[in-house]
Every structure is written in C-alpha cells, then in structure tokens.
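**Student:** Quick one: this structure, given as structure tokens, is what I'll be asking you about.
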4 protein chains.
Amino acid sequence: MKQSPRVLGRPRHDENAKPKKDIVLETATRLFIKEGYKNISMDDVAKACNVTKATIYYYYPTKGDLYTSALLAMMDRIRLSILHILEQSIVFKERLEQLIEIHLSATVDIDMKNFMREATINLSTSQLKEVQAAENNMYKTIEQAMQREMEQGTIRKGNATFFAHAFMALMSVGYFKDGEGERLFQSEAMAAKEIVDFFWQSVEK
Amino acid sequence: MKQSPRVLGRPRHDENAKPKKDIVLETATRLFIKEGYKNISMDDVAKACNVTKATIYYYYPTKGDLYTSALLAMMDRIRLSILHILEQSIVFKERLEQLIEIHLSATVDIDMKNFMREATINLSTSQLKEVQAAENNMYKTIEQAMQREMEQGTIRKGNATFFAHAFMALMSVGYFKDGEGERLFQSEAMAAKEIVDFFWQSVEK
Amino acid sequence: MKQSPRVLGRPRHDENAKPKKDIVLETATRLFIKEGYKNISMDDVAKACNVTKATIYYYYPTKGDLYTSALLAMMDRIRLSILHILEQSIVFKERLEQLIEIHLSATVDIDMKNFMREATINLSTSQLKEVQAAENNMYKTIEQAMQREMEQGTIRKGNATFFAHAFMALMSVGYFKDGEGERLFQSEAMAAKEIVDFFWQSVEK
Amino acid sequence: MKQSPRVLGRPRHDENAKPKKDIVLETATRLFIKEGYKNISMDDVAKACNVTKATIYYYYPTKGDLYTSALLAMMDRIRLSILHILEQSIVFKERLEQLIEIHLSATVDIDMKNFMREATINLSTSQLKEVQAAENNMYKTIEQAMQREMEQGTIRKGNATFFAHAFMALMSVGYFKDGEGERLFQSEAMAAKEIVDFFWQSVEK
DNA sequence: GATGAATGAGTTTTCATTCAT
DNA sequence: AATGAATGAAAACTCATTCAT
C-alpha cells in the first residue's frame, strides 16, 4: 500500500478542492479540542492533513498562531451558533434548552475553561489577548440575551454576566462522564431539560 | 571568598526533615496544578525540589505515576477538607458558603475537569482508574451531604449526583477572570454568597 | 481606512526603475557582508528586496550563485576603486593613505579573508574558482602598483605580492574594535596615517 | 560492519578514558575552526565524538555555549603558548619568529577576526562578552611584551596595542593561499623570517 | 517576468527514561 | 537512598529548492 510519492513545488490546482489553509485549520481544531495543545504536535497535524509540516508553517508561522487561529475560528462558530439559537422567536426557556441540546450533541466537550488555560500557559501575550477577546464575545452574546430577558421581565433582575457564566457552567455538567464512561443523563434532550429546569428556578421571577 | 564552614562526617539524619518522597510529591502537585501535565517536565520538578531526576525516579517509576500520586493526594486532601466543612453542625446553606469561600481562597484554580482531561490523555488505564475513583469519592462526599439534607427536608428531593455536580460547576464560576484579570465578584466571601444564593433557589423546597 | 487608490491596468514600466536583478544583487551583497553566507537565508534576501523567493531563483539558480555574483560584483567594485586611487598622479604614500581612508570609511568591514573562507566552505568548485580569480585580480592591482613603484625607486625592491598582502593585512587593523566597541584610532584619517607610516618604514629605501 | 548497539543509562566507567566533556570540547573546537559556527551542526559534533546529541546538551546547554567554551579554551591555549614563547630569554626578534613559525605550523588558520565575527553574529551578549575578554587577554599578552621591549629600548617607542595588532595581522599573511593552493612562502620558517623582518623595520629604533 | 504553494531534509532543543556507581 | 552520565525519540522550527500558474 504505497502512497503516491509527493512531488516538490506548487501542485496542480483542483477547482473543487478546499484550500489547504482551511483543511489545516479544521484538522488542527479537531485535534486540539480532543487532545489539547501540548499533546498535539505539528507533525500530528501535518499527518492528519496529509501535508508536510513545512506546509503548515507556510500558513501559520508558529504553533501558537495555529492554536490561536483554531480557537478564534471555533469560538466564533460557537458564538454564531449561540446567537442563531437565541435569536429565535420562541420562549426563552426553550431557546436555552435548544442551546444545551445542540452543544451536547456536538460530541466533543467544548471546554472553554480548559482552552483558556492552555492559552494562558502556551500563547504569547498578543495571541492570548485575541483569544480572550473572542471568549469574551461568546459570553457577551449570552449575557446580552439574559439582559434582554430581564428587561422584558421573563427572568428576574440580576447580574447578567454571572447568569451567563452560571448557565455555561451548568451546561458543562452535561458533559460529565463517570469512571465507567456513563453520563449523568440518558439523553441530550433530558440533560438539556434537567439543566435548564435547574437554572430556571434560580432566575425566574 | 570563603565557603561557609561545613561539618565533617556523615550528617546526622534530621528527624524533622520531611522525607524527600513527600517533598517531591508536594512540589510536583503544585507545579502540575499550575501548568499541567505536559508543561511540567521531570527536570522542572527535580530542579524545584533541589534533587536530581534520578531521585524522583527512585520514588516514582514514571511521570504518569508521579502525576497519579499527585492527583490522588490532592483529591484526597480536598475530599477531606470538604468532608470536614460539611460535617459541621451549622445550617447547610452556610456550610456550602464556607465550602466555596475556602476553595476560592486557595488561590489556585483546582480545576477538576481539566485534571481529568489530562489524566485521560496521558495516563495508563490503571492509573486513570485510580484517579477516577478518587474524583468519584470527592463528588460522592458532596452527593452524600446532599442526600442527607434531602432526607432531612432541608432541600427538595432530586438527583443528588446532579446537585453535587451542579454545585461544583457553579463554584468554578468564582474562578473566572476576564481579559483584564478581573474576577466577577469583589471578594471570595461575596462570590460564595452569590453562588450559594443562586444554587439555593434551585434546590430549596 | 481607505487604501491608497491604485491605477487600474498594467503598470507602465518605469524606465528609471532599477532592474529587479540588480536590486536583488545589491541587497544580497549588503546582507552577506554584514552577516555572512549561512546567516542570511534566501527568505531574508527576498524580504529585504520586497520580492518573493521565486523571483530570486528566477535570476540566480542557487544561493551559491547569488553569493558568487555578489562577491564578484563587490570585488570588482573594490578593484576598480583601488585602481582609481592608485592611478592618480600624487606621491605613492599619499595614494596609500587615501586607499585606507576610503575603505575604512565604507563602514562595513570588507573582510576578504572571511569571504574567501565562506566561499571555500559553501561554494561549488567552479563558483569558488571564479571568486578566487576575482580576489586575485584585486590583489594583483595593488601588487602591480607596488611593482611599478619598486621600479621607479619609490620603495625598496622586494616581494611585491607579499607587500600587497602585508598592506591589506595592516589595513584590516583599522577595522578592529575592542570589547567596548572602541576602535584603535580616533578617526579614519589618523588610522590611515598611522598604518601607512608603519607600512612605509618597512618598504622605504 | 554493525556498530555495537549503544546502551541507555550511565556507562561503565573506564579509568583511562578521557572525560566525555573534554572529548566533546576538543572535537567541537576542531570542527568550528575548520568550518565555522553555522556550518557545523550539533549532529556533526555528536557524530564526530561518537556520542548522541543529548550527551552534548548534557554538558553544554546550547550550541552557543559550546562555541563559547570552545573559543575560550582555544584562546587561552593560544595565549599561554604566546606567553610561553615570549617569556624565553632570547633576543626579541627571534622570539617573534618562533611565535609565527609555531602558529603557522599548527596547520589550521587560527583566524581570530573571523571567530569574533561569528561570535558577534551568533552568540548572546553575555557569551560574547566572555569571548571578547579572552580575545583581549590574548592581545594584551603580546602588547605587554611590546611595552617591555620599548622600555628596554629594543624597539622604538610607539602605540603598543597597535604594534600587537599589526604583528598579528602580518602573521595572518602567512596563512594566505592563492587559487592553486600555493602559499606565499616556501616554508613556515621562511615565512616567519620574512614577516618578522618586515615588521622589524617598522619598529626598530 | 514574477509569484504562490509546497516539499524534503535538516536544525536546535527537550524530555522521559535507564543504568552503573 | 541518591546521583551523574547517557540515550532514543520526538518536538518546534528553518531553509534551499521546485513547479504550476
């Protein structure tokens, strides 16, 4: 099972092919989410993309930059997905349930806290700043929704920032697996319901 | 440039001196908590302990074992501290507040989720099992308290395991720092109060 | 934040603009002189020229060729400048002083010996030959002047080749900087005078 | 012709064997002298010493440190050899001749200027400082001899530092090889004589 | 004429681990 | 009980060069 030998130089361009830069970013994101910054080497990413390391460095000058780009893209995608869900015109509580259900279904545990930690340890100050801004935007999206609902009287008045963080923290409970790999709830739908119910009792009027 | 005079002969063993094994474990724990498994090398630990790498290997056969021992010790310490606090004979809500305040004051973010993640990625199956058991014990301690309070009617009936995880998740909000390094609350005491108030509304009868 | 407007269509070729080939050569020469062959990458040259690496390869098939061309051009320029100075009709000693002063003033240490060393190590045999020939021509120019002056009785008879090399070696003393970056002489003019005086005592009749 | 497989861990100690640290330093010095800093990789050094790269890093934390150590050792050796020769109780002119003859015979072109250049480009500030100090000491040794001879009236009064540098510069002419690899003089002895004669005419009373 | 994309082979450095003493 | 010396494997990053456009 020999692979066709790779050739030097610029390859012939295939109109339908995704740009390599994007492939690299997507692959890297996936790997970083699964295993974290230090456990994924540039070689790992290269192999997973079927390109050489040098190709990755052509697009991303350092590993930190690749990680930064991956995080930014991911956080922005999440932010948009959150925004999309929260903008629907159904009752707030149901929107929250959807939020949880959809994110729990995305299989991978999008563990913000951990990303931020790895960022803090491994990124340069300027890279870290970018990532922090993106994280902030994510939380702001939820916060603003909380704020709106407070004003409309759907939920009680309170610290919207805290509410947003509390909500995300509670969501993370849905990812928990015990020693046997068992989740706390039987399905994402049930997890979503239980978690939102719990959250709701704290925020309802 | 004289050197400080040194006593001749074999130094008497200092009864009060901590055994090296413990020094290593404590130092390693501290470092692993701050920077994570992959960011701390055996060399780092050795330097911080003022012993050689070989000494560490004398006591802990692999890095994974050292990490495992560190986690076990830490989780057990936390478990005991939780137990100690929850066993007091003051009203439950106040005990919960104390729990949060004390842990938030311990400066370092004891981020269980992250430890478990690093464990999953880096430890052998048998090591991982030990760590998972220890984590479980920690949660069980809180869970049992929740169970007891349900039975005594202090809080409403519900899924005690979920309550325990929800509580810990909400506690983690207290660690959050934004881009400027600002926490959400002005003091640990206020954080504890707000978080428990929030939690309480969900669990009270 | 508007971009500066750009004219549509193919830009008219600017007659006055230097051909890229020359820009590349000049830039490369400057960089190689300052930092040496191995410390300057093709990327460095490209960046400094504001062209792409591929452009450089369009004109110079290998890095060795670029270095060769740079050395040849430089040595020829130096040879011509030496020739120009030595051909003047003022007394020989003064011509020698001018030679030193002008070269010391050229800020960069034109260290022939080092260029030849890097050439020996890094160039192909045929490239090396070209460079050696150019170096030879440079020395020959001085040698011939020495020869002429011997015949005219301005200086004593002796090994003209040795005299030429001795002169250049002494000139290099003028470049010396100590640990504090201090030169041996206060000005190029004084250096020139001292060095030529020293040389002169060895060669006068 | 398989090599005996290298084994992990500390090797059995052979009383007669030279310490590896010294072997590494000597080998590295030889290689750096011949090919320069950038042309010699840590791998090259390791292979030439028949140890692994990691062994080199065990003794010398960076390539720059290895180079620094190599230069320092070399310069000190040269300084001592110079000192030794200049301290003899024969006439000064003969001592100078010996100096040149011995150094020219050492086969390798000990090109101080070039070492200093590579040091400037590649070493850290603190490493550079050490090397500059060592270079300085070397020159100081000759300078002091010049000074003494001035005071004793063997040579004319003048700038001793300049004299020392001039002498070393003239010595370097002895290393010159033309395109065909021919030296300027037939033997080291003749080179020494010619060079010192030349130098002497400039410094005699 | 000039460029963007890609590579293979190297570079310096790190690190968990081993083993004789 | 503790250490000093050594290793193999991998990590991040560089660089001269190639080739389709």
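Note on naming: chains are A, B, ... as they come in the structure tokens, residues start from 1 per chain, ligands start from 1 in the order shown.
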Based on only C-alpha atoms (C1' of nucleotides), which of the residues in chain E come within 12 Å of chain A? I want them as a PDB file with C-alpha atoms (C1' of nucleotides), in the first residue's frame.
**Tutor:**
ATOM      1  C1'  DT E   3       4.706  34.555  -7.918  1.00  0.00           C
ATOM      2  C1'  DG E   4       2.237  31.408  -4.513  1.00  0.00           C
ATOM      3  C1'  DA E   5       2.213  26.921  -2.854  1.00  0.00           C
ATOM      4  C1'  DA E   6       4.548  23.056  -1.424  1.00  0.00           C
ATOM      5  C1'  DT E   7       8.307  19.961  -0.083  1.00  0.00           C
ATOM      6  C1'  DG E   8      12.428  17.107   1.988  1.00  0.00           C
ATOM      7  C1'  DA E   9      15.946  17.251   4.662  1.00  0.00           C
TER       8       DA E   9
END
**Student:** Could you superimpose chain C onto chain D using every C-alpha atom, matched in order, and tell me the RMSD in Å?
**Tutor:**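 Fitting chain C to chain D over paired C-alpha atoms yields 2.4 Å.
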**Student:** Based on the backbone DSSP call, show me all residues of stretch 68-130 of chain C assigned alpha helix (DSSP H), as an NGL selection string.
**Tutor:** :C and (68-86 or 92-105 or 112-122 or 125-130)
**Student:** Counting only C-alpha atoms, which residues of chain B fall within 6 Å of chain A, and what is the closest atom pair for each with its distance in Å at one decimal, ordered by chain and rising number, as JSON lines?
**Tutor:**
{"residue": "B:Gln132", "atom": "CA", "partner": "A:Gly179", "partner_atom": "CA", "distance": 5.5}
{"residue": "B:Ala166", "atom": "CA", "partner": "A:Leu170", "partner_atom": "CA", "distance": 5.9}
{"residue": "B:Ala169", "atom": "CA", "partner": "A:Ala169", "partner_atom": "CA", "distance": 5.3}
{"residue": "B:Leu170", "atom": "CA", "partner": "A:Ala166", "partner_atom": "CA", "distance": 5.8}
{"residue": "B:Gly179", "atom": "CA", "partner": "A:Gln132", "partner_atom": "CA", "distance": 5.5}
{"residue": "B:Phe198", "atom": "CA", "partner": "A:Ser202", "partner_atom": "CA", "distance": 5.5}
{"residue": "B:Gln201", "atom": "CA", "partner": "A:Ser202", "partner_atom": "CA", "distance": 4.9}
{"residue": "B:Ser202", "atom": "CA", "partner": "A:Gln201", "partner_atom": "CA", "distance": 4.9}
**Student:** Keeping N, CA and C atoms, export the residues of the selection given above as an mmCIF file, in the first residue's frame.
**Tutor:**
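So part_17.cif came out as:
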data_model
loop_
_atom_site.group_PDB
_atom_site.id
_atom_site.type_symbol
_atom_site.label_atom_id
_atom_site.label_comp_id
_atom_site.auth_asym_id
_atom_site.auth_seq_id
_atom_site.Cartn_x
_atom_site.Cartn_y
_atom_site.Cartn_z
ATOM 1 N N GLN B 132 -9.830 8.290 38.648
ATOM 2 C CA GLN B 132 -11.284 8.426 38.531
ATOM 3 C C GLN B 132 -11.968 8.037 39.833
ATOM 4 N N ALA B 166 -23.655 20.095 39.864
ATOM 5 C CA ALA B 166 -24.107 21.456 39.574
ATOM 6 C C ALA B 166 -23.444 22.432 40.547
ATOM 7 N N ALA B 169 -19.887 22.920 39.607
ATOM 8 C CA ALA B 169 -19.792 23.696 38.369
ATOM 9 C C ALA B 169 -19.999 25.173 38.663
ATOM 10 N N LEU B 170 -20.996 25.455 39.488
ATOM 11 C CA LEU B 170 -21.269 26.856 39.817
ATOM 12 C C LEU B 170 -20.093 27.448 40.599
ATOM 13 N N GLY B 179 -10.533 39.253 30.495
ATOM 14 C CA GLY B 179 -9.295 39.637 29.811
ATOM 15 C C GLY B 179 -8.385 40.530 30.644
ATOM 16 N N PHE B 198 -27.662 31.576 44.414
ATOM 17 C CA PHE B 198 -28.138 31.110 43.111
ATOM 18 C C PHE B 198 -28.482 29.625 43.174
ATOM 19 N N GLN B 201 -31.698 28.700 45.309
ATOM 20 C CA GLN B 201 -33.014 28.884 44.708
ATOM 21 C C GLN B 201 -33.442 27.687 43.889
ATOM 22 N N SER B 202 -32.458 26.957 43.380
ATOM 23 C CA SER B 202 -32.797 25.780 42.584
ATOM 24 C C SER B 202 -33.072 24.561 43.439
#
**Student:** At a cut-off of 8 Å, using only C-alpha atoms (C1' of nucleotides), what residues contact A:Ile142? Leave out same-chain residues fewer than 5 positions from it and give the result as an mmCIF file with C-alpha atoms, in the first residue's frame.
**Tutor:**
data_model
loop_
_atom_site.group_PDB
_atom_site.id
_atom_site.type_symbol
_atom_site.label_atom_id
_atom_site.label_comp_id
_atom_site.auth_asym_id
_atom_site.auth_seq_id
_atom_site.Cartn_x
_atom_site.Cartn_y
_atom_site.Cartn_z
ATOM 1 C CA ILE A 82 -25.447 30.593 20.120
ATOM 2 C CA LEU A 83 -26.589 33.829 18.561
ATOM 3 C CA LEU A 86 -31.027 32.776 20.962
ATOM 4 C CA ALA A 164 -24.318 33.794 31.585
#
**Student:** Determine, using only C-alpha atoms (C1' of nucleotides), which residues of chain F have any atom at most 7 Å from an atom of chain A, and tabulate each with its shortest atom pair and distance in Å to one decimal place, rows ordered by chain and then rising number, as a Markdown table.
**Tutor:**
| residue | atom | partner | partner_atom | distance |
| --- | --- | --- | --- | --- |
| F:DT18 | C1' | A:Gly9 | CA | 4.3 |
| F:DC19 | C1' | A:Gly9 | CA | 4.2 |
| F:DA20 | C1' | A:Arg10 | CA | 5.7 |
**Student:** In Å, rounded to a single decimal, give me how far atom CA of A:Gly181 is from atom CA of A:Ser105.
**Tutor:**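 A separation of 16.1 Å between them.
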**Student:** If we count only C-alpha atoms (C1' of nucleotides), what is near B:Glu188 at a cut-off of 9 Å, once residues fewer than 3 positions away on the same chain are taken out, given as a list in words?
**Tutor:**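 Neighbouring residues, sequence-local ones excluded: Ile100, Glu101, Ile102, Leu104, Ser105, Gly174, Phe185, Ala191, Ala192 and Lys193 of chain B.
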**Student:** Atom C1' of F:DG8 to atom C1' of E:DT14: how many Å, to one decimal?
**Tutor:** 12.3 Å
**Student:** So which one's closest to A:Lys47, A:Met146, A:Val24, A:Ile90, A:Leu72? Using only C-alpha atoms, please.
**Tutor:**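 Residue with the minimum atom-to-atom distance to A:Lys47: A:Val24.
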**Student:** State, in Å with one decimal place, the distance from atom CA of B:Lys93 to atom CA of B:Lys157.
**Tutor:**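 Interatomic distance, atom CA of B:Lys93 to atom CA of B:Lys157: 15.8 Å.
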**Student:** Calculated over only C-alpha atoms (C1' of nucleotides), which of the candidates D:Val91, D:Met75, D:Ala28, D:Ile40 has the smallest distance to E:DG10?
**Tutor:**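 Smallest distance to E:DG10 is found for D:Ile40.
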